[in-house]
Every structure is written in C-alpha cells, then in structure tokens.
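This is coords.pdb (PDB, C-alpha atoms and all ligand atoms).
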```pdb
MODEL        1
ATOM      1  CA  MET A 283     -13.428  21.796   9.978  1.00  0.00           C
ATOM      2  CA  PRO A 284     -10.378  22.456   7.769  1.00  0.00           C
ATOM      3  CA  SER A 285     -10.235  21.195   4.195  1.00  0.00           C
ATOM      4  CA  TYR A 286      -7.322  19.603   2.388  1.00  0.00           C
ATOM      5  CA  THR A 287      -6.800  19.088  -1.329  1.00  0.00           C
ATOM      6  CA  PHE A 288      -4.566  16.389  -2.710  1.00  0.00           C
ATOM      7  CA  SER A 289      -4.502  13.737  -5.408  1.00  0.00           C
ATOM      8  CA  VAL A 290      -5.712  10.177  -4.942  1.00  0.00           C
ATOM      9  CA  ASN A 291      -5.140   7.772  -7.812  1.00  0.00           C
ATOM     10  CA  LYS A 292      -4.643  10.753 -10.146  1.00  0.00           C
ATOM     11  CA  ASN A 293      -7.924  12.421  -9.152  1.00  0.00           C
ATOM     12  CA  GLU A 294      -7.900  15.640  -7.161  1.00  0.00           C
ATOM     13  CA  VAL A 295      -9.936  15.345  -3.972  1.00  0.00           C
ATOM     14  CA  THR A 296     -10.846  17.858  -1.286  1.00  0.00           C
ATOM     15  CA  VAL A 297     -11.779  16.503   2.118  1.00  0.00           C
ATOM     16  CA  ASN A 298     -12.978  18.191   5.262  1.00  0.00           C
ATOM     17  CA  ALA A 299     -11.463  16.541   8.280  1.00  0.00           C
ATOM     18  CA  ASP A 300      -9.777  17.225  11.582  1.00  0.00           C
ATOM     19  CA  ALA A 301      -6.072  17.861  10.992  1.00  0.00           C
ATOM     20  CA  ASP A 302      -4.948  14.689  12.736  1.00  0.00           C
ATOM     21  CA  THR A 303      -7.350  12.336  10.945  1.00  0.00           C
ATOM     22  CA  PRO A 304      -5.265   9.483   9.534  1.00  0.00           C
ATOM     23  CA  LEU A 305      -5.309   9.135   5.757  1.00  0.00           C
ATOM     24  CA  LEU A 306      -6.423   5.511   6.226  1.00  0.00           C
ATOM     25  CA  TRP A 307      -9.836   6.645   7.472  1.00  0.00           C
ATOM     26  CA  VAL A 308     -10.156   9.338   4.820  1.00  0.00           C
ATOM     27  CA  LEU A 309      -9.542   6.711   2.148  1.00  0.00           C
ATOM     28  CA  ARG A 310     -11.915   4.151   3.586  1.00  0.00           C
ATOM     29  CA  ASP A 311     -14.693   6.259   5.110  1.00  0.00           C
ATOM     30  CA  GLU A 312     -14.727   9.401   2.969  1.00  0.00           C
ATOM     31  CA  LEU A 313     -13.531   8.163  -0.413  1.00  0.00           C
ATOM     32  CA  GLY A 314     -14.786   4.558  -0.351  1.00  0.00           C
ATOM     33  CA  LEU A 315     -11.368   3.129  -1.176  1.00  0.00           C
ATOM     34  CA  VAL A 316     -11.521   0.097   1.080  1.00  0.00           C
ATOM     35  CA  GLY A 317      -8.661  -1.846  -0.496  1.00  0.00           C
ATOM     36  CA  THR A 318      -6.355  -0.219   2.053  1.00  0.00           C
ATOM     37  CA  LYS A 319      -6.792  -2.114   5.304  1.00  0.00           C
ATOM     38  CA  PHE A 320      -6.701  -1.350   9.000  1.00  0.00           C
ATOM     39  CA  GLY A 321      -4.572  -3.863  10.840  1.00  0.00           C
ATOM     40  CA  CYS A 322      -3.024  -2.339  13.943  1.00  0.00           C
ATOM     41  CA  GLY A 323      -3.384   1.425  13.613  1.00  0.00           C
ATOM     42  CA  VAL A 324       0.032   2.005  15.178  1.00  0.00           C
ATOM     43  CA  GLY A 325       2.476   1.466  12.330  1.00  0.00           C
ATOM     44  CA  GLN A 326       3.370  -2.129  13.121  1.00  0.00           C
ATOM     45  CA  CYS A 327       1.728  -4.331  10.476  1.00  0.00           C
ATOM     46  CA  GLY A 328       1.855  -2.725   7.010  1.00  0.00           C
ATOM     47  CA  ALA A 329      -1.753  -3.528   6.074  1.00  0.00           C
ATOM     48  CA  CYS A 330      -2.426   0.173   5.475  1.00  0.00           C
ATOM     49  CA  ILE A 331       0.493   0.900   3.116  1.00  0.00           C
ATOM     50  CA  ILE A 332      -0.152   3.296   0.251  1.00  0.00           C
ATOM     51  CA  HIS A 333       2.209   5.376  -1.847  1.00  0.00           C
ATOM     52  CA  LEU A 334       2.846   8.988  -0.917  1.00  0.00           C
ATOM     53  CA  ASP A 335       4.500  10.738  -3.843  1.00  0.00           C
ATOM     54  CA  GLY A 336       5.518   7.317  -5.147  1.00  0.00           C
ATOM     55  CA  ASN A 337       6.946   5.764  -1.993  1.00  0.00           C
ATOM     56  CA  ALA A 338       5.471   3.342   0.530  1.00  0.00           C
ATOM     57  CA  ASN A 339       3.933   5.013   3.531  1.00  0.00           C
ATOM     58  CA  LEU A 340       1.773   3.912   6.452  1.00  0.00           C
ATOM     59  CA  SER A 341      -1.605   5.559   6.000  1.00  0.00           C
ATOM     60  CA  CYS A 342      -2.614   4.843   9.607  1.00  0.00           C
ATOM     61  CA  LEU A 343       0.120   7.220  10.776  1.00  0.00           C
ATOM     62  CA  LEU A 344      -0.287   9.874   8.080  1.00  0.00           C
ATOM     63  CA  PRO A 345      -2.374  12.854   9.197  1.00  0.00           C
ATOM     64  CA  VAL A 346      -4.501  14.404   6.491  1.00  0.00           C
ATOM     65  CA  SER A 347      -3.004  17.801   7.351  1.00  0.00           C
ATOM     66  CA  GLN A 348       0.309  16.663   5.826  1.00  0.00           C
ATOM     67  CA  LEU A 349      -1.243  15.823   2.468  1.00  0.00           C
ATOM     68  CA  GLN A 350      -1.995  19.214   0.960  1.00  0.00           C
ATOM     69  CA  GLY A 351      -0.761  19.100  -2.653  1.00  0.00           C
ATOM     70  CA  LYS A 352       0.601  15.566  -2.320  1.00  0.00           C
ATOM     71  CA  SER A 353      -0.055  12.560  -4.514  1.00  0.00           C
ATOM     72  CA  ILE A 354      -1.485   9.359  -3.033  1.00  0.00           C
ATOM     73  CA  THR A 355      -1.768   6.013  -4.794  1.00  0.00           C
ATOM     74  CA  THR A 356      -3.771   3.172  -3.310  1.00  0.00           C
ATOM     75  CA  ILE A 357      -4.077  -0.433  -4.433  1.00  0.00           C
ATOM     76  CA  GLU A 358      -7.086   0.635  -6.529  1.00  0.00           C
ATOM     77  CA  GLY A 359      -4.832   2.985  -8.506  1.00  0.00           C
ATOM     78  CA  LEU A 360      -1.717   0.852  -8.815  1.00  0.00           C
ATOM     79  CA  SER A 361      -2.637  -0.233 -12.349  1.00  0.00           C
ATOM     80  CA  GLU A 362      -5.407   0.297 -14.854  1.00  0.00           C
ATOM     81  CA  ASN A 363      -6.706  -3.251 -14.968  1.00  0.00           C
ATOM     82  CA  GLY A 364      -5.033  -5.101 -12.137  1.00  0.00           C
ATOM     83  CA  ASP A 365      -2.176  -5.880 -14.507  1.00  0.00           C
ATOM     84  CA  HIS A 366       0.796  -4.474 -12.610  1.00  0.00           C
ATOM     85  CA  PRO A 367       3.606  -7.082 -12.770  1.00  0.00           C
ATOM     86  CA  LEU A 368       3.198  -7.665  -9.042  1.00  0.00           C
ATOM     87  CA  GLN A 369      -0.541  -8.234  -9.371  1.00  0.00           C
ATOM     88  CA  GLN A 370       0.105 -10.663 -12.215  1.00  0.00           C
ATOM     89  CA  ALA A 371       2.745 -12.495 -10.171  1.00  0.00           C
ATOM     90  CA  TRP A 372       0.394 -12.603  -7.174  1.00  0.00           C
ATOM     91  CA  LYS A 373      -2.266 -14.262  -9.325  1.00  0.00           C
ATOM     92  CA  GLU A 374       0.153 -16.631 -11.026  1.00  0.00           C
ATOM     93  CA  LEU A 375       1.535 -17.886  -7.719  1.00  0.00           C
ATOM     94  CA  ASP A 376      -1.809 -17.790  -5.908  1.00  0.00           C
ATOM     95  CA  VAL A 377      -0.210 -15.835  -3.081  1.00  0.00           C
ATOM     96  CA  PRO A 378      -3.044 -14.847  -0.731  1.00  0.00           C
ATOM     97  CA  GLN A 379      -4.559 -17.078   1.893  1.00  0.00           C
ATOM     98  CA  CYS A 380      -7.090 -14.936   3.792  1.00  0.00           C
ATOM     99  CA  GLY A 381      -6.036 -11.925   1.699  1.00  0.00           C
ATOM    100  CA  TYR A 382      -6.369  -9.258   4.346  1.00  0.00           C
ATOM    101  CA  CYS A 383      -2.773  -8.007   4.288  1.00  0.00           C
ATOM    102  CA  GLN A 384      -2.229  -8.399   0.559  1.00  0.00           C
ATOM    103  CA  ALA A 385      -2.963  -4.854  -0.633  1.00  0.00           C
ATOM    104  CA  GLY A 386      -0.404  -3.551   1.822  1.00  0.00           C
ATOM    105  CA  GLN A 387       2.050  -6.240   0.761  1.00  0.00           C
ATOM    106  CA  ILE A 388       1.682  -5.376  -2.924  1.00  0.00           C
ATOM    107  CA  MET A 389       1.974  -1.635  -2.339  1.00  0.00           C
ATOM    108  CA  ALA A 390       5.080  -2.164  -0.217  1.00  0.00           C
ATOM    109  CA  ALA A 391       6.537  -4.463  -2.882  1.00  0.00           C
ATOM    110  CA  ALA A 392       5.835  -1.961  -5.686  1.00  0.00           C
ATOM    111  CA  SER A 393       7.733   0.743  -3.837  1.00  0.00           C
ATOM    112  CA  PHE A 394      10.517  -1.691  -2.963  1.00  0.00           C
ATOM    113  CA  LEU A 395      10.962  -2.840  -6.580  1.00  0.00           C
ATOM    114  CA  LYS A 396      10.994   0.717  -7.864  1.00  0.00           C
ATOM    115  CA  ASN A 397      14.053   1.350  -5.693  1.00  0.00           C
ATOM    116  CA  ASN A 398      15.543  -2.176  -6.064  1.00  0.00           C
ATOM    117  CA  PRO A 399      14.747  -3.430  -9.576  1.00  0.00           C
ATOM    118  CA  ASN A 400      16.959  -6.538  -9.345  1.00  0.00           C
ATOM    119  CA  PRO A 401      16.787  -7.667  -5.734  1.00  0.00           C
ATOM    120  CA  SER A 402      18.261 -10.811  -4.246  1.00  0.00           C
ATOM    121  CA  ARG A 403      15.959 -13.044  -2.195  1.00  0.00           C
ATOM    122  CA  GLU A 404      17.606 -11.704   0.944  1.00  0.00           C
ATOM    123  CA  GLN A 405      16.968  -8.118  -0.137  1.00  0.00           C
ATOM    124  CA  ILE A 406      13.326  -8.993  -0.802  1.00  0.00           C
ATOM    125  CA  ARG A 407      12.987 -10.495   2.677  1.00  0.00           C
ATOM    126  CA  ASP A 408      14.599  -7.431   4.243  1.00  0.00           C
ATOM    127  CA  GLY A 409      12.594  -5.031   2.111  1.00  0.00           C
ATOM    128  CA  MET A 410       9.298  -6.677   2.971  1.00  0.00           C
ATOM    129  CA  ASN A 411       9.886  -7.217   6.661  1.00  0.00           C
ATOM    130  CA  GLY A 412       7.572  -4.362   7.678  1.00  0.00           C
ATOM    131  CA  ASN A 413       4.555  -6.285   6.416  1.00  0.00           C
ATOM    132  CA  ILE A 414       2.986  -8.899   8.642  1.00  0.00           C
ATOM    133  CA  CYS A 415       0.902 -11.796   7.276  1.00  0.00           C
ATOM    134  CA  ARG A 416      -1.023 -13.772   9.876  1.00  0.00           C
ATOM    135  CA  CYS A 417      -1.405 -16.676   7.447  1.00  0.00           C
ATOM    136  CA  ALA A 418       2.375 -16.654   7.017  1.00  0.00           C
ATOM    137  CA  SER A 419       2.304 -16.559   3.222  1.00  0.00           C
ATOM    138  CA  TYR A 420       5.804 -15.071   3.323  1.00  0.00           C
ATOM    139  CA  ASN A 421       7.353 -17.673   1.078  1.00  0.00           C
ATOM    140  CA  ARG A 422       4.859 -17.081  -1.732  1.00  0.00           C
ATOM    141  CA  ILE A 423       5.127 -13.311  -1.276  1.00  0.00           C
ATOM    142  CA  GLU A 424       8.903 -13.515  -1.638  1.00  0.00           C
ATOM    143  CA  LYS A 425       8.581 -15.674  -4.765  1.00  0.00           C
ATOM    144  CA  ALA A 426       6.006 -13.334  -6.295  1.00  0.00           C
ATOM    145  CA  VAL A 427       8.173 -10.259  -5.724  1.00  0.00           C
ATOM    146  CA  ALA A 428      11.103 -12.108  -7.344  1.00  0.00           C
ATOM    147  CA  LEU A 429       8.891 -13.123 -10.281  1.00  0.00           C
ATOM    148  CA  ALA A 430       7.661  -9.558 -10.787  1.00  0.00           C
ATOM    149  CA  ALA A 431      11.238  -8.302 -10.772  1.00  0.00           C
ATOM    150  CA  LYS A 432      12.169 -10.488 -13.771  1.00  0.00           C
TER
HETATM  151 FE1  LIG A 501      -1.037   0.844   9.658  1.00  0.00          FE
HETATM  152 FE2  LIG A 501      -0.919  -1.561  10.862  1.00  0.00          FE
HETATM  153  S1  LIG A 501      -2.678  -0.452  10.205  1.00  0.00           S
HETATM  154  S2  LIG A 501       0.739  -0.353  10.128  1.00  0.00           S
ENDMDL
END
```
Written as structure tokens, that's how I'd like the structure from this file.
Amino acid sequence: MPSYTFSVNKNEVTVNADADTPLLWVLRDELGLVGTKFGCGVGQCGACIIHLDGNANLSCLLPVSQLQGKSITTIEGLSENGDHPLQQAWKELDVPQCGYCQAGQIMAAASFLKNNPNPSREQIRDGMNGNICRCASYNRIEKAVALAAK
C-alpha cells in the first residue's frame, strides 16, 4: 500500500492507504480526528470541510494521493484553545442545535472570512450556501459569522 506524508494541524503525518482513499476517512479512522463529519460523501453537504493549504475543501472528495506535502487543518487545529473568533461567536450566540454540521460550518466560515473580512449579510449567505444544516440553524450561523467578522 502506498504511503503519503503531509501535515495535519501542524504535525507531519505519514499514512499508508489506497490512493483513492478520501481524506475524511484518513482523518477519522487513521488519525482519530473525528471532529470532521461524514454527511453525504458526495460533496453536497459541507459536513466534511477542512482547510487544504488554508482554503476550505471537501475532505470526502479529496483523495489521499493528492495530499503529499500539503497542509491540512481540521476543526481540532483551527485554534489553540477553541478561541478562534468564530468559535467564540458560535458559543456567544449558541448556534448549534444537534451540532452535527457545525465543524464543517465553522471551517467553511473561517476560509470565507479570510477571503472576505468585511462581508455583507448577503455575502455571508452566498459564501455559506455549500453547507447544509438539517436543524436549519442558518439564521444563527449567519449572525455568528457577522459577529466574528467585527
Ligand atoms: Fe463531504 Fe457531504 S460529506 S460534502
């Protein structure tokens, strides 16, 4: 089985896996980073979003063979102590309901805010429209992203 070396949350890891194994399963099953969630497995829900070299990416569609030398950040590595402005805003506004999609939402929002530091509400809605929430906490998510952008 081939091996691939890349960085996850600033730690170098080497994994042995079939070339087409999605990063999502490497994170969850090999590295124990279960904050990243499986929702649909086909790029439709956003629950599996991580950062690849600093930008949001769907880990369910990302084969491990494309990761050699790359840098991955998961929700576990977004901040040292859960104190990223988005995580603080999420807590302040009590955003989650069931919570399942929230890691993907926060990772998507972090990438979005990096590229759009002063977004309008409409831009936030557009920027976050790849993330589905079955509890429909969209309003609180939008408010929290706006709060974190302040
Ligand atoms: Fe990757 Fe749904 S699990 S987009």
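Take CA of Ala299 in chain A and CA of Leu343 in chain A: the distance between them is 15.1 Å.
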How close does chain A get to ligand LIG 501 (chain A)? List, as a Markdown table, each residue of chain A within 8 Å, its nearest atom pair and the distance in Å to one decimal, counting only C-alpha atoms and all ligand atoms.
```
| residue | atom | partner | partner_atom | distance |
| --- | --- | --- | --- | --- |
| A:Leu306 | CA | A:LIG501 | FE1 | 7.9 |
| A:Lys319 | CA | A:LIG501 | S1 | 6.6 |
| A:Phe320 | CA | A:LIG501 | S1 | 4.3 |
| A:Gly321 | CA | A:LIG501 | S1 | 4.0 |
| A:Cys322 | CA | A:LIG501 | FE2 | 3.8 |
| A:Gly323 | CA | A:LIG501 | S1 | 4.0 |
| A:Val324 | CA | A:LIG501 | S2 | 5.6 |
| A:Gly325 | CA | A:LIG501 | S2 | 3.3 |
| A:Gln326 | CA | A:LIG501 | S2 | 4.4 |
| A:Cys327 | CA | A:LIG501 | FE2 | 3.9 |
| A:Gly328 | CA | A:LIG501 | S2 | 4.1 |
| A:Ala329 | CA | A:LIG501 | S1 | 5.2 |
| A:Cys330 | CA | A:LIG501 | FE1 | 4.5 |
| A:Ile331 | CA | A:LIG501 | FE1 | 6.7 |
| A:Leu340 | CA | A:LIG501 | FE1 | 5.3 |
| A:Ser341 | CA | A:LIG501 | FE1 | 6.0 |
| A:Cys342 | CA | A:LIG501 | FE1 | 4.3 |
| A:Leu343 | CA | A:LIG501 | FE1 | 6.6 |
| A:Asn413 | CA | A:LIG501 | S2 | 8.0 |
```
Restricting the calculation to only C-alpha atoms, which member of A:Ala338, A:Val377, A:Gly351, A:Thr318 is positioned closest to Met410 in chain A? A:Ala338
Fewer than 2 positions away in the same chain doesn't count, so skip those; otherwise give me all residues within 9 Å of Lys425 in chain A, counting only C-alpha atoms, as a ChimeraX atom specification. /A:371,375,377,403,420-423,427-430
Using all atoms listed in the file, which residues sit within 10 Å of Ala431 in chain A once same-chain residues fewer than 6 positions away are excluded, as a PDB file with C-alpha atoms, keeping the file's coordinate frame?
```pdb
ATOM      1  CA  PRO A 367       3.606  -7.082 -12.770  1.00  0.00           C
ATOM      2  CA  LEU A 368       3.198  -7.665  -9.042  1.00  0.00           C
ATOM      3  CA  ALA A 371       2.745 -12.495 -10.171  1.00  0.00           C
ATOM      4  CA  ALA A 391       6.537  -4.463  -2.882  1.00  0.00           C
ATOM      5  CA  ALA A 392       5.835  -1.961  -5.686  1.00  0.00           C
ATOM      6  CA  LEU A 395      10.962  -2.840  -6.580  1.00  0.00           C
ATOM      7  CA  LYS A 396      10.994   0.717  -7.864  1.00  0.00           C
ATOM      8  CA  ASN A 398      15.543  -2.176  -6.064  1.00  0.00           C
ATOM      9  CA  PRO A 399      14.747  -3.430  -9.576  1.00  0.00           C
ATOM     10  CA  ASN A 400      16.959  -6.538  -9.345  1.00  0.00           C
ATOM     11  CA  PRO A 401      16.787  -7.667  -5.734  1.00  0.00           C
ATOM     12  CA  SER A 402      18.261 -10.811  -4.246  1.00  0.00           C
ATOM     13  CA  LYS A 425       8.581 -15.674  -4.765  1.00  0.00           C
TER      14      LYS A 425
END
```
